[in-house]
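Remarks on the structure that follows.
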Amino acid sequence: MTPAEAGPTSNVSLLLQTRKLTRILPAVVPVTLVQDVDISIGNSEFVAITGPSGSGKSSLLYLLGLLDKPTSGGVLIEESSTSDLSSGEMASMRLAKIGFVFQFHFLLPEFTALENIMIPMQKLGRLSARDQLEHATGLLVDLGLQDFLHRRPAQLSGGQRQRVAVARALANSPDLILADEPTGSLDSAATEQVFGSLQSIVETQKTTVVAVTHDMDLASRMQRRIHLVDGKIDYDRVQ
Amino acid sequence: MLLLRIAATHVRNRMRQTVVSTLGVALGVGFSVAMASLMEGSQRDFMTTLIEAIPHVEILDEQRNPAEQPATAKYDAVAFHGLRPLEDLRGIRNPTEAIASLRDWVLGDFAQRLSGQAVLRYSGQDIGMTLVGVVPRRELLVSKVREDMRAGSFEALDTTANGLVIGGKAASRLGAELGDTVTLTSANGIAKRFKIVGLFHTGITTSDEGLAYAPLKAVQILLEKPDIINSISIRLADIRQANDVAARAERQLGYKAVSWEEANEGLMEAFVVRNAIMYTVVGAILVVAGFGIFNIVSTIVHEKARDIAILKSLGFPESDIQQIFVLEGLVIGILGALAGCLLGFGLSSYLATVKFEVTTDIEMTRLPIHFSYIHYVLSCFLALFSSAIAGLIPARKAAKLNPVDIIRGAT
């Protein structure tokens, strides 16, 4: 198996696939962000996407999360093509199946930690109001934030905010969590806390986590690493 | 409910801007309500005064079209030239019979009149008057002259064969008082002495200086028109039937019958134009208030670009994002409309207490205000419509924002 053709790390069902995924930014001189990327990711994988600045890591993540549309090629989720989905259907898929964690926490500043986690649950409407509250509280407690339930983002430290963001990504029990430099703005102690949380999610909840990172130490601790250079896969290997 | 909560949170966290925009809408709604109350109040006041003052239907001693000449009736000619038209003595003949035929089907009161010009002379001074011969007890049923009496009584015309009721201003000009005897001279030169038994004051100078009432018989003698009248006034039980009654009466009697609406056609048109102007101004005020809302929602969209990206990444579709910002416009609109209704009611109530002392022809002692829920409903509807549109424009922009651009910009 060539590095670029590496598949899921174990014999598990396919969650995410890309076929010749390409994203070109239209401009006077078009900019190629991602080019002909073919990857397959299964359930319960912990995947790192690495590469130098401008290599297309974040662009690939946004394409995988259906936040951006490819110029050509496509993304398959659970072996179903997403190319023909409307923007509303893509939003529904993000709501039910995908959780995002960004470099900056991106919490809604006017809402408390608990409310931030309950908002996607309320939107999905799968649980009753009481169950939503219980589930949100449980997620925060699991991430060691039991004393900060009713604090707003401005009243939390960077690590705490990022853990709230992780809890929010887990709110609707998604199959996939996409994290864009989740520890990029944190100190080493907070980095360990957030990384530990993500690792625990993969192990205990069997959720797939795909994380873009510059931190080679963290990348080396993940099961699989996809390295991009100039928008193309340089290597894709199990560690 | 979730979208409303997010919208309300955005609005609440920009309290100063929200208060300013809400005040803009409130002032718009408040002044619109007060203005509409004043305009409709003045219109209704004017109409009431008008309807009280004039008969609902008046049958006059003239034809709507010129009378057919005998030559035209006899020959099938297209036109005649040089013929002298048949002289016709004006007046409604057999008034008792005419009124009796109307009484069969018209529900209301009738009064016959004979009007003509005469000169009123007293202590060497003359005033030209319109002399109206009336049957006093019938006249009182169709006009409000009794309310205008300031001295003596109108009923005294019934008991005084040569009684006369004139305006207070005319009496002052002549130096005459109640009980004095004056002379009236007709255009034919016939003079007759009358005793002033009453003085009235309508507030309309032309009436107060130039109108006189006398018993019908006395006026018929003075004007040499025995058993002739020149108008029948009708006061209807249902004013809305005025046009129908006038049309049928005209067909039945052959004389021109004019309803109060036809008599004041120009005025009715003026009211329509006035209302159109009023609602245009009200609309303009609310459009200006809408700009305030547009401004705040646009500012929120600009400031909340990151939140929009977050919500989209969480799985909120474009329609939800649009709804959130339209709701923000509506929240401000609803708060403004509610405050505006209170302001409008307060302003209208205050204006209703304002008194004026005006000494023109028509005296107005207070501002006429008409309280109607329609004004509040209409102003609120316009305010909410304006708010929704003002919110919709930036909301559409918000819904179209690309979350990736915002996330990249933030990082």
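Labels used: A, B, ... for chains in the order of the structure tokens, numbers from 1 for residues in each chain, and numbers from 1 for ligands as shown.
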Enumerate as a VMD selection string the residues belonging to chain A that approach chain B to within 9 Å, with only C-alpha atoms taken into account. chain A and resid 58 to 59 62 65 to 68 87 to 96 98 to 100 102 to 104 106 to 111 119 to 120 122 to 124 168 to 169
Tell me which protein, DNA and RNA residues are within 8 Å of Ser348 (chain B), counting only C-alpha atoms, leaving out same-chain ones fewer than 2 positions away, and put them as a list in words. Val33, Ala34, Ser37, Leu38, Gly344, Phe345, Gly346, Tyr350, Leu351, Ala352, Ile369 and Phe371 of chain B
Output of the above residues as a short mmCIF file (atom, residue, chain, number, x, y, z; two decimals), in the first residue's frame, restricted to all heavy atoms:
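Contents of the output file selection39.cif:
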data_model
loop_
_atom_site.label_atom_id
_atom_site.label_comp_id
_atom_site.auth_asym_id
_atom_site.auth_seq_id
_atom_site.Cartn_x
_atom_site.Cartn_y
_atom_site.Cartn_z
N VAL B 33 -50.67 57.81 15.43
CA VAL B 33 -51.96 57.58 16.09
C VAL B 33 -52.59 58.92 16.47
O VAL B 33 -53.78 59.17 16.19
CB VAL B 33 -51.76 56.70 17.35
CG1 VAL B 33 -52.99 56.74 18.24
CG2 VAL B 33 -51.46 55.26 16.95
N ALA B 34 -51.78 59.81 17.07
CA ALA B 34 -52.31 61.11 17.50
C ALA B 34 -52.80 61.91 16.31
O ALA B 34 -53.87 62.54 16.34
CB ALA B 34 -51.23 61.87 18.26
N SER B 37 -56.00 60.39 14.96
CA SER B 37 -57.12 60.70 15.87
C SER B 37 -57.59 62.14 15.66
O SER B 37 -58.79 62.42 15.64
CB SER B 37 -56.69 60.54 17.33
OG SER B 37 -56.15 59.28 17.54
N LEU B 38 -56.64 63.03 15.50
CA LEU B 38 -56.97 64.45 15.32
C LEU B 38 -57.65 64.68 13.97
O LEU B 38 -58.67 65.38 13.89
CB LEU B 38 -55.68 65.29 15.43
CG LEU B 38 -55.84 66.79 15.32
CD1 LEU B 38 -56.74 67.33 16.42
CD2 LEU B 38 -54.49 67.49 15.38
N GLY B 344 -49.23 57.30 21.75
CA GLY B 344 -50.31 57.83 20.92
C GLY B 344 -51.55 58.10 21.75
O GLY B 344 -52.19 59.14 21.60
N PHE B 345 -51.87 57.16 22.67
CA PHE B 345 -53.05 57.34 23.52
C PHE B 345 -52.85 58.54 24.44
O PHE B 345 -53.75 59.37 24.61
CB PHE B 345 -53.30 56.08 24.34
CG PHE B 345 -54.55 56.15 25.18
CD1 PHE B 345 -55.79 56.03 24.58
CD2 PHE B 345 -54.49 56.37 26.54
CE1 PHE B 345 -56.95 56.11 25.33
CE2 PHE B 345 -55.64 56.46 27.30
CZ PHE B 345 -56.88 56.33 26.69
N GLY B 346 -51.64 58.64 25.00
CA GLY B 346 -51.33 59.77 25.89
C GLY B 346 -51.43 61.09 25.15
O GLY B 346 -52.05 62.04 25.63
N TYR B 350 -54.15 64.03 25.74
CA TYR B 350 -53.73 65.39 26.10
C TYR B 350 -54.34 66.39 25.12
O TYR B 350 -54.89 67.42 25.52
CB TYR B 350 -52.20 65.49 26.10
CG TYR B 350 -51.73 66.91 26.24
CD1 TYR B 350 -51.84 67.57 27.47
CD2 TYR B 350 -51.21 67.61 25.15
CE1 TYR B 350 -51.44 68.90 27.60
CE2 TYR B 350 -50.82 68.92 25.27
CZ TYR B 350 -50.93 69.57 26.49
OH TYR B 350 -50.56 70.87 26.61
N LEU B 351 -54.24 66.07 23.81
CA LEU B 351 -54.76 66.99 22.80
C LEU B 351 -56.27 67.22 22.98
O LEU B 351 -56.78 68.30 22.72
CB LEU B 351 -54.49 66.45 21.39
CG LEU B 351 -53.03 66.51 20.94
CD1 LEU B 351 -52.86 65.80 19.59
CD2 LEU B 351 -52.55 67.95 20.82
N ALA B 352 -56.96 66.17 23.45
CA ALA B 352 -58.41 66.29 23.65
C ALA B 352 -58.74 67.30 24.75
O ALA B 352 -59.87 67.81 24.80
CB ALA B 352 -59.00 64.92 23.99
N ILE B 369 -60.91 65.13 18.96
CA ILE B 369 -60.11 63.89 18.86
C ILE B 369 -61.07 62.71 18.78
O ILE B 369 -62.01 62.63 19.57
CB ILE B 369 -59.20 63.73 20.11
CG1 ILE B 369 -58.23 64.89 20.23
CG2 ILE B 369 -58.46 62.40 20.08
CD1 ILE B 369 -57.12 64.91 19.21
N PHE B 371 -61.13 58.72 19.15
CA PHE B 371 -60.37 57.53 19.55
C PHE B 371 -60.93 56.32 18.81
O PHE B 371 -62.12 56.04 18.90
CB PHE B 371 -60.49 57.30 21.06
CG PHE B 371 -59.75 58.33 21.87
CD1 PHE B 371 -60.38 59.49 22.29
CD2 PHE B 371 -58.41 58.14 22.20
CE1 PHE B 371 -59.70 60.45 23.01
CE2 PHE B 371 -57.72 59.09 22.93
CZ PHE B 371 -58.37 60.25 23.34
#
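Computed from the coordinates, the CA of Gly133 (chain B) to CA of Lys225 (chain B) distance equals 11.1 Å.
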If you run DSSP over the backbone, which residues in region 53-216 of chain A end up helix (DSSP H, G or I)? Put them as a CSV table (one decimal) with N, CA, C and O atoms, in the first residue's frame.
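Saved as part30.csv:
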chain,number,residue,atom,x,y,z
A,57,LYS,N,-4.7,22.3,4.8
A,57,LYS,CA,-5.2,21.4,5.9
A,57,LYS,C,-6.6,21.9,6.3
A,57,LYS,O,-7.6,21.1,6.3
A,58,SER,N,-6.7,23.2,6.6
A,58,SER,CA,-8.1,23.7,7.1
A,58,SER,C,-9.1,23.6,6.0
A,58,SER,O,-10.2,23.3,6.2
A,59,SER,N,-8.6,23.9,4.7
A,59,SER,CA,-9.6,23.9,3.6
A,59,SER,C,-10.1,22.4,3.4
A,59,SER,O,-11.3,22.3,3.2
A,60,LEU,N,-9.3,21.4,3.6
A,60,LEU,CA,-9.7,20.1,3.5
A,60,LEU,C,-10.7,19.7,4.6
A,60,LEU,O,-11.8,19.1,4.4
A,61,LEU,N,-10.4,20.3,5.8
A,61,LEU,CA,-11.3,20.0,6.9
A,61,LEU,C,-12.7,20.6,6.7
A,61,LEU,O,-13.7,20.0,7.0
A,62,TYR,N,-12.8,21.9,6.1
A,62,TYR,CA,-14.0,22.5,5.9
A,62,TYR,C,-14.8,21.7,4.8
A,62,TYR,O,-16.0,21.7,4.8
A,63,LEU,N,-14.1,21.2,3.8
A,63,LEU,CA,-14.7,20.4,2.8
A,63,LEU,C,-15.3,19.1,3.4
A,63,LEU,O,-16.4,18.7,3.0
A,64,LEU,N,-14.5,18.5,4.3
A,64,LEU,CA,-15.0,17.2,4.9
A,64,LEU,C,-16.2,17.5,5.8
A,64,LEU,O,-17.1,16.7,5.9
A,87,SER,N,-28.1,23.2,0.4
A,87,SER,CA,-27.4,23.8,1.6
A,87,SER,C,-28.2,23.4,2.8
A,87,SER,O,-27.6,23.2,3.9
A,88,GLY,N,-29.5,23.3,2.7
A,88,GLY,CA,-30.3,23.0,3.9
A,88,GLY,C,-30.1,21.5,4.4
A,88,GLY,O,-30.0,21.2,5.6
A,89,GLU,N,-30.0,20.6,3.4
A,89,GLU,CA,-29.7,19.2,3.7
A,89,GLU,C,-28.3,19.1,4.3
A,89,GLU,O,-28.1,18.3,5.2
A,90,MET,N,-27.3,19.8,3.8
A,90,MET,CA,-26.0,19.8,4.3
A,90,MET,C,-26.0,20.3,5.8
A,90,MET,O,-25.3,19.7,6.6
A,91,ALA,N,-26.8,21.4,6.0
A,91,ALA,CA,-26.9,21.9,7.4
A,91,ALA,C,-27.5,20.8,8.3
A,91,ALA,O,-27.0,20.6,9.4
A,92,SER,N,-28.5,20.1,7.8
A,92,SER,CA,-29.1,19.0,8.7
A,92,SER,C,-28.0,17.9,9.0
A,92,SER,O,-28.0,17.4,10.1
A,93,MET,N,-27.2,17.6,8.0
A,93,MET,CA,-26.2,16.6,8.2
A,93,MET,C,-25.1,17.0,9.2
A,93,MET,O,-24.7,16.3,10.0
A,94,ARG,N,-24.8,18.3,9.1
A,94,ARG,CA,-23.8,18.9,10.1
A,94,ARG,C,-24.4,18.8,11.5
A,94,ARG,O,-23.7,18.4,12.4
A,95,LEU,N,-25.7,19.1,11.6
A,95,LEU,CA,-26.3,19.2,12.9
A,95,LEU,C,-26.3,17.8,13.5
A,95,LEU,O,-26.1,17.6,14.7
A,96,ALA,N,-26.6,16.8,12.7
A,96,ALA,CA,-26.9,15.4,13.3
A,96,ALA,C,-25.6,14.6,13.3
A,96,ALA,O,-25.4,13.7,14.2
A,97,LYS,N,-24.7,14.8,12.4
A,97,LYS,CA,-23.6,13.8,12.3
A,97,LYS,C,-22.2,14.4,12.5
A,97,LYS,O,-21.2,13.6,12.7
A,113,ALA,N,-22.1,28.5,29.3
A,113,ALA,CA,-21.5,27.2,28.8
A,113,ALA,C,-22.6,26.2,28.6
A,113,ALA,O,-22.6,25.6,27.5
A,114,LEU,N,-23.5,26.1,29.5
A,114,LEU,CA,-24.6,25.1,29.4
A,114,LEU,C,-25.5,25.4,28.2
A,114,LEU,O,-25.8,24.5,27.4
A,115,GLU,N,-25.8,26.7,28.1
A,115,GLU,CA,-26.7,27.1,27.0
A,115,GLU,C,-26.0,26.9,25.6
A,115,GLU,O,-26.6,26.5,24.6
A,116,ASN,N,-24.7,27.2,25.6
A,116,ASN,CA,-24.0,27.0,24.3
A,116,ASN,C,-24.1,25.5,23.9
A,116,ASN,O,-24.1,25.2,22.7
A,117,ILE,N,-24.0,24.6,24.8
A,117,ILE,CA,-24.1,23.2,24.5
A,117,ILE,C,-25.5,22.7,24.1
A,117,ILE,O,-25.7,21.9,23.3
A,118,MET,N,-26.5,23.4,24.8
A,118,MET,CA,-27.9,23.0,24.5
A,118,MET,C,-28.4,23.5,23.2
A,118,MET,O,-29.4,23.0,22.7
A,119,ILE,N,-27.8,24.6,22.7
A,119,ILE,CA,-28.4,25.2,21.5
A,119,ILE,C,-28.4,24.2,20.3
A,119,ILE,O,-29.5,24.0,19.7
A,120,PRO,N,-27.3,23.4,20.0
A,120,PRO,CA,-27.5,22.4,18.9
A,120,PRO,C,-28.5,21.3,19.2
A,120,PRO,O,-29.2,20.8,18.3
A,121,MET,N,-28.6,21.0,20.5
A,121,MET,CA,-29.6,20.0,20.9
A,121,MET,C,-31.0,20.5,20.7
A,121,MET,O,-31.9,19.7,20.2
A,122,GLN,N,-31.2,21.7,21.0
A,122,GLN,CA,-32.6,22.3,20.8
A,122,GLN,C,-32.9,22.4,19.4
A,122,GLN,O,-34.0,22.1,19.0
A,123,LYS,N,-31.9,22.7,18.6
A,123,LYS,CA,-32.1,22.8,17.1
A,123,LYS,C,-32.5,21.4,16.6
A,123,LYS,O,-33.4,21.3,15.8
A,124,LEU,N,-31.8,20.4,17.0
A,124,LEU,CA,-32.0,19.0,16.5
A,124,LEU,C,-33.4,18.5,17.1
A,124,LEU,O,-34.1,17.8,16.4
A,129,ALA,N,-36.5,18.5,26.8
A,129,ALA,CA,-35.8,19.7,27.4
A,129,ALA,C,-35.1,19.2,28.6
A,129,ALA,O,-33.9,19.6,28.9
A,130,ARG,N,-35.7,18.3,29.4
A,130,ARG,CA,-35.1,17.7,30.6
A,130,ARG,C,-33.8,16.9,30.3
A,130,ARG,O,-32.8,17.0,30.9
A,131,ASP,N,-34.0,16.0,29.2
A,131,ASP,CA,-32.9,15.2,28.8
A,131,ASP,C,-31.7,16.0,28.2
A,131,ASP,O,-30.5,15.7,28.4
A,132,GLN,N,-32.1,17.1,27.5
A,132,GLN,CA,-31.1,18.0,27.0
A,132,GLN,C,-30.2,18.6,28.1
A,132,GLN,O,-29.0,18.6,28.1
A,133,LEU,N,-30.9,19.0,29.2
A,133,LEU,CA,-30.2,19.6,30.3
A,133,LEU,C,-29.3,18.6,31.0
A,133,LEU,O,-28.1,18.9,31.3
A,134,GLU,N,-29.8,17.4,31.2
A,134,GLU,CA,-29.0,16.3,31.8
A,134,GLU,C,-27.8,16.0,30.9
A,134,GLU,O,-26.7,15.8,31.5
A,135,HIS,N,-28.0,15.8,29.6
A,135,HIS,CA,-26.9,15.4,28.7
A,135,HIS,C,-25.9,16.5,28.7
A,135,HIS,O,-24.7,16.2,28.8
A,136,ALA,N,-26.3,17.8,28.6
A,136,ALA,CA,-25.3,18.9,28.5
A,136,ALA,C,-24.5,19.0,29.8
A,136,ALA,O,-23.3,19.2,29.8
A,137,THR,N,-25.2,18.8,30.9
A,137,THR,CA,-24.5,18.9,32.2
A,137,THR,C,-23.5,17.7,32.3
A,137,THR,O,-22.4,17.9,32.7
A,138,GLY,N,-23.9,16.5,31.9
A,138,GLY,CA,-23.0,15.3,31.9
A,138,GLY,C,-21.8,15.6,31.1
A,138,GLY,O,-20.7,15.2,31.5
A,139,LEU,N,-22.0,16.2,29.9
A,139,LEU,CA,-20.8,16.4,29.0
A,139,LEU,C,-19.8,17.4,29.7
A,139,LEU,O,-18.6,17.1,29.6
A,140,LEU,N,-20.3,18.4,30.3
A,140,LEU,CA,-19.4,19.4,31.0
A,140,LEU,C,-18.8,18.7,32.2
A,140,LEU,O,-17.6,19.0,32.5
A,141,VAL,N,-19.5,17.9,32.9
A,141,VAL,CA,-18.9,17.2,34.1
A,141,VAL,C,-17.8,16.3,33.6
A,141,VAL,O,-16.7,16.3,34.2
A,142,ASP,N,-18.1,15.5,32.5
A,142,ASP,CA,-17.1,14.6,32.0
A,142,ASP,C,-15.8,15.3,31.6
A,142,ASP,O,-14.7,14.8,31.7
A,146,GLN,N,-17.6,21.0,35.8
A,146,GLN,CA,-18.9,21.0,36.6
A,146,GLN,C,-19.1,22.3,37.4
A,146,GLN,O,-20.2,22.7,37.7
A,147,ASP,N,-18.0,23.1,37.6
A,147,ASP,CA,-18.1,24.3,38.4
A,147,ASP,C,-18.3,25.5,37.5
A,147,ASP,O,-18.4,26.7,38.0
A,148,PHE,N,-18.4,25.3,36.2
A,148,PHE,CA,-18.5,26.5,35.3
A,148,PHE,C,-19.7,26.4,34.4
A,148,PHE,O,-19.8,27.1,33.3
A,153,PRO,N,-18.6,32.6,28.2
A,153,PRO,CA,-17.2,32.3,27.7
A,153,PRO,C,-16.2,33.3,28.2
A,153,PRO,O,-15.1,33.0,28.5
A,154,ALA,N,-16.6,34.6,28.4
A,154,ALA,CA,-15.7,35.6,28.8
A,154,ALA,C,-15.2,35.3,30.3
A,154,ALA,O,-14.2,35.9,30.7
A,155,GLN,N,-16.0,34.5,31.0
A,155,GLN,CA,-15.6,34.3,32.4
A,155,GLN,C,-14.8,33.0,32.5
A,155,GLN,O,-14.6,32.5,33.6
A,158,GLY,N,-8.8,30.0,28.6
A,158,GLY,CA,-8.8,29.5,27.2
A,158,GLY,C,-9.0,28.0,27.1
A,158,GLY,O,-9.8,27.6,26.3
A,159,GLY,N,-8.4,27.3,28.1
A,159,GLY,CA,-8.5,25.8,28.1
A,159,GLY,C,-10.0,25.4,28.4
A,159,GLY,O,-10.5,24.5,27.8
A,160,GLN,N,-10.6,26.2,29.3
A,160,GLN,CA,-12.0,25.8,29.7
A,160,GLN,C,-12.9,26.1,28.5
A,160,GLN,O,-13.8,25.3,28.2
A,161,ARG,N,-12.7,27.2,27.8
A,161,ARG,CA,-13.5,27.6,26.7
A,161,ARG,C,-13.4,26.5,25.6
A,161,ARG,O,-14.4,26.0,25.0
A,162,GLN,N,-12.2,26.0,25.4
A,162,GLN,CA,-12.0,25.0,24.3
A,162,GLN,C,-12.6,23.7,24.7
A,162,GLN,O,-13.1,23.0,23.9
A,163,ARG,N,-12.6,23.4,26.0
A,163,ARG,CA,-13.3,22.2,26.5
A,163,ARG,C,-14.8,22.3,26.3
A,163,ARG,O,-15.5,21.3,26.0
A,164,VAL,N,-15.3,23.5,26.6
A,164,VAL,CA,-16.8,23.7,26.3
A,164,VAL,C,-17.1,23.5,24.9
A,164,VAL,O,-18.1,22.9,24.5
A,165,ALA,N,-16.1,24.0,24.0
A,165,ALA,CA,-16.3,23.9,22.5
A,165,ALA,C,-16.3,22.4,22.2
A,165,ALA,O,-17.1,21.9,21.3
A,166,VAL,N,-15.5,21.6,22.8
A,166,VAL,CA,-15.4,20.1,22.6
A,166,VAL,C,-16.8,19.5,23.0
A,166,VAL,O,-17.4,18.7,22.3
A,167,ALA,N,-17.2,20.0,24.2
A,167,ALA,CA,-18.5,19.4,24.7
A,167,ALA,C,-19.7,19.8,23.8
A,167,ALA,O,-20.5,19.0,23.5
A,168,ARG,N,-19.6,21.0,23.2
A,168,ARG,CA,-20.7,21.4,22.3
A,168,ARG,C,-20.6,20.6,21.0
A,168,ARG,O,-21.6,20.2,20.4
A,169,ALA,N,-19.4,20.3,20.5
A,169,ALA,CA,-19.2,19.4,19.3
A,169,ALA,C,-19.8,18.0,19.6
A,169,ALA,O,-20.3,17.4,18.7
A,188,SER,N,0.6,24.6,27.3
A,188,SER,CA,0.8,23.2,27.3
A,188,SER,C,-0.1,22.4,28.2
A,188,SER,O,-0.6,21.3,27.8
A,189,ALA,N,-0.4,23.0,29.4
A,189,ALA,CA,-1.3,22.3,30.3
A,189,ALA,C,-2.7,22.2,29.7
A,189,ALA,O,-3.3,21.1,29.7
A,190,ALA,N,-3.2,23.3,29.1
A,190,ALA,CA,-4.5,23.3,28.5
A,190,ALA,C,-4.5,22.4,27.3
A,190,ALA,O,-5.5,21.7,27.0
A,191,THR,N,-3.4,22.4,26.5
A,191,THR,CA,-3.3,21.5,25.4
A,191,THR,C,-3.5,20.1,25.8
A,191,THR,O,-4.3,19.3,25.1
A,192,GLU,N,-2.9,19.7,26.8
A,192,GLU,CA,-3.0,18.3,27.3
A,192,GLU,C,-4.4,18.0,27.7
A,192,GLU,O,-4.9,16.9,27.4
A,193,GLN,N,-5.1,18.9,28.3
A,193,GLN,CA,-6.5,18.7,28.8
A,193,GLN,C,-7.4,18.5,27.6
A,193,GLN,O,-8.1,17.5,27.5
A,194,VAL,N,-7.2,19.4,26.6
A,194,VAL,CA,-8.1,19.3,25.4
A,194,VAL,C,-7.8,18.0,24.6
A,194,VAL,O,-8.7,17.3,24.1
A,195,PHE,N,-6.5,17.7,24.4
A,195,PHE,CA,-6.1,16.5,23.7
A,195,PHE,C,-6.6,15.3,24.4
A,195,PHE,O,-7.1,14.4,23.7
A,196,GLY,N,-6.5,15.3,25.7
A,196,GLY,CA,-6.9,14.1,26.5
A,196,GLY,C,-8.4,14.0,26.3
A,196,GLY,O,-8.9,12.8,26.1
A,197,SER,N,-9.2,15.1,26.2
A,197,SER,CA,-10.6,15.0,26.0
A,197,SER,C,-10.9,14.3,24.6
A,197,SER,O,-11.8,13.5,24.5
A,198,LEU,N,-10.2,14.8,23.6
A,198,LEU,CA,-10.5,14.3,22.3
A,198,LEU,C,-10.1,12.8,22.2
A,198,LEU,O,-10.9,12.0,21.6
A,199,GLN,N,-9.0,12.4,22.8
A,199,GLN,CA,-8.6,11.0,22.8
A,199,GLN,C,-9.6,10.1,23.6
A,199,GLN,O,-10.0,9.1,23.1
A,200,SER,N,-10.1,10.7,24.6
A,200,SER,CA,-11.1,9.9,25.4
A,200,SER,C,-12.4,9.7,24.6
A,200,SER,O,-13.1,8.7,24.7
A,201,ILE,N,-12.8,10.7,23.8
A,201,ILE,CA,-14.0,10.6,23.0
A,201,ILE,C,-13.9,9.5,22.0
A,201,ILE,O,-14.8,8.7,21.8
A,202,VAL,N,-12.7,9.4,21.4
A,202,VAL,CA,-12.5,8.3,20.4
A,202,VAL,C,-12.6,6.9,21.1
A,202,VAL,O,-13.2,6.0,20.6
A,203,GLU,N,-11.9,6.9,22.3
A,203,GLU,CA,-11.8,5.6,23.0
A,203,GLU,C,-13.2,5.2,23.6
A,203,GLU,O,-13.6,4.0,23.5
A,204,THR,N,-13.8,6.1,24.3
A,204,THR,CA,-15.0,5.8,25.0
A,204,THR,C,-16.3,5.8,24.2
A,204,THR,O,-17.2,5.1,24.4
A,205,GLN,N,-16.4,6.8,23.3
A,205,GLN,CA,-17.7,7.0,22.6
A,205,GLN,C,-17.6,6.5,21.1
A,205,GLN,O,-18.6,6.6,20.4
A,216,MET,N,3.6,18.6,16.0
A,216,MET,CA,4.0,17.3,15.5
A,216,MET,C,4.0,16.3,16.7
A,216,MET,O,3.8,15.1,16.4
Find the spatial neighbours of Met39 (chain B), counting only C-alpha atoms, within a cut-off of 10 Å - ignore same-chain residues fewer than 6 positions away - and output them as a ChimeraX atom specification. /B:33,45,271,274-275,278,367-370
From a backbone DSSP assignment, name each residue in region 96-237 of chain B labelled strand (DSSP E), as an NGL selection string. :B and (108-122 or 125-134 or 149-152 or 163-167 or 181-186 or 191-200 or 211-215 or 228-229 or 231-236)
Neighbours of Gly198 (chain B) within 8 Å (only C-alpha atoms; same-chain residues fewer than 5 positions away dropped), as an NGL selection string? :B and (149-154 or 156 or 164-166 or 178)
Could you save the residues just selected, with N, CA and C atoms, as a CSV table (one decimal), in the first residue's frame?
chain,number,residue,atom,x,y,z
B,149,MET,N,-80.6,79.6,19.7
B,149,MET,CA,-81.4,80.8,20.2
B,149,MET,C,-80.6,81.3,21.4
B,150,ARG,N,-80.5,82.7,21.4
B,150,ARG,CA,-79.8,83.3,22.5
B,150,ARG,C,-80.8,84.2,23.3
B,151,ALA,N,-81.9,84.6,22.6
B,151,ALA,CA,-82.9,85.5,23.3
B,151,ALA,C,-84.2,85.2,22.7
B,152,GLY,N,-85.3,85.3,23.5
B,152,GLY,CA,-86.7,85.0,23.0
B,152,GLY,C,-86.8,83.5,22.7
B,153,SER,N,-87.7,83.2,21.8
B,153,SER,CA,-87.8,81.8,21.4
B,153,SER,C,-88.3,81.6,20.0
B,154,PHE,N,-87.9,80.5,19.4
B,154,PHE,CA,-88.3,80.3,18.0
B,154,PHE,C,-89.8,79.9,17.9
B,156,ALA,N,-92.1,81.2,19.4
B,156,ALA,CA,-92.9,82.4,19.5
B,156,ALA,C,-93.5,82.8,18.1
B,164,LEU,N,-90.7,87.7,14.1
B,164,LEU,CA,-89.4,87.7,13.3
B,164,LEU,C,-88.3,87.2,14.2
B,165,VAL,N,-87.5,86.2,13.7
B,165,VAL,CA,-86.3,85.8,14.5
B,165,VAL,C,-85.1,86.1,13.6
B,166,ILE,N,-84.2,86.9,14.2
B,166,ILE,CA,-83.0,87.3,13.4
B,166,ILE,C,-81.7,87.0,14.2
B,178,LEU,N,-84.8,92.7,21.3
B,178,LEU,CA,-86.0,91.8,21.4
B,178,LEU,C,-87.2,92.6,21.7
Give me, please, the distance in Å between CA of Thr185 (chain B) and CA of Leu120 (chain B), quoted to one decimal. 6.7 Å
Selection: 10 Å around Leu286 (chain B), only C-alpha atoms, excl. self and same-chain fewer than 4 positions, as a VMD selection string: chain B and resid 24 to 29 31 to 32 280 to 282 290 to 292 379 to 380 382 to 387
Using only C-alpha atoms, determine which residues lie at most 10 Å from Leu114 (chain B), disregarding the query and same-chain residues fewer than 5 positions distant; provide the list as a PyMOL selection string. chain B and resi 61+91-92+131-135+214-217+219-220+223+225+227-232
Do you know which residues are at most 10 Å from Leu76 (chain A) counting only C-alpha atoms, after dropping those on the same chain fewer than 6 positions away, and could you put them as a list in words? Leu14, Leu15, Leu16, Gln17, Thr18, Arg19, Ser40, Leu64, Thr82 and Ser83 of chain A
Proximity to Arg90 (chain B) - best of B:Ile127, B:Ser207, B:Leu184, B:Tyr255, only C-alpha atoms: B:Tyr255
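Here CA of Met222 (chain A) is placed at a distance of 7.2 Å from CA of Gln239 (chain A).
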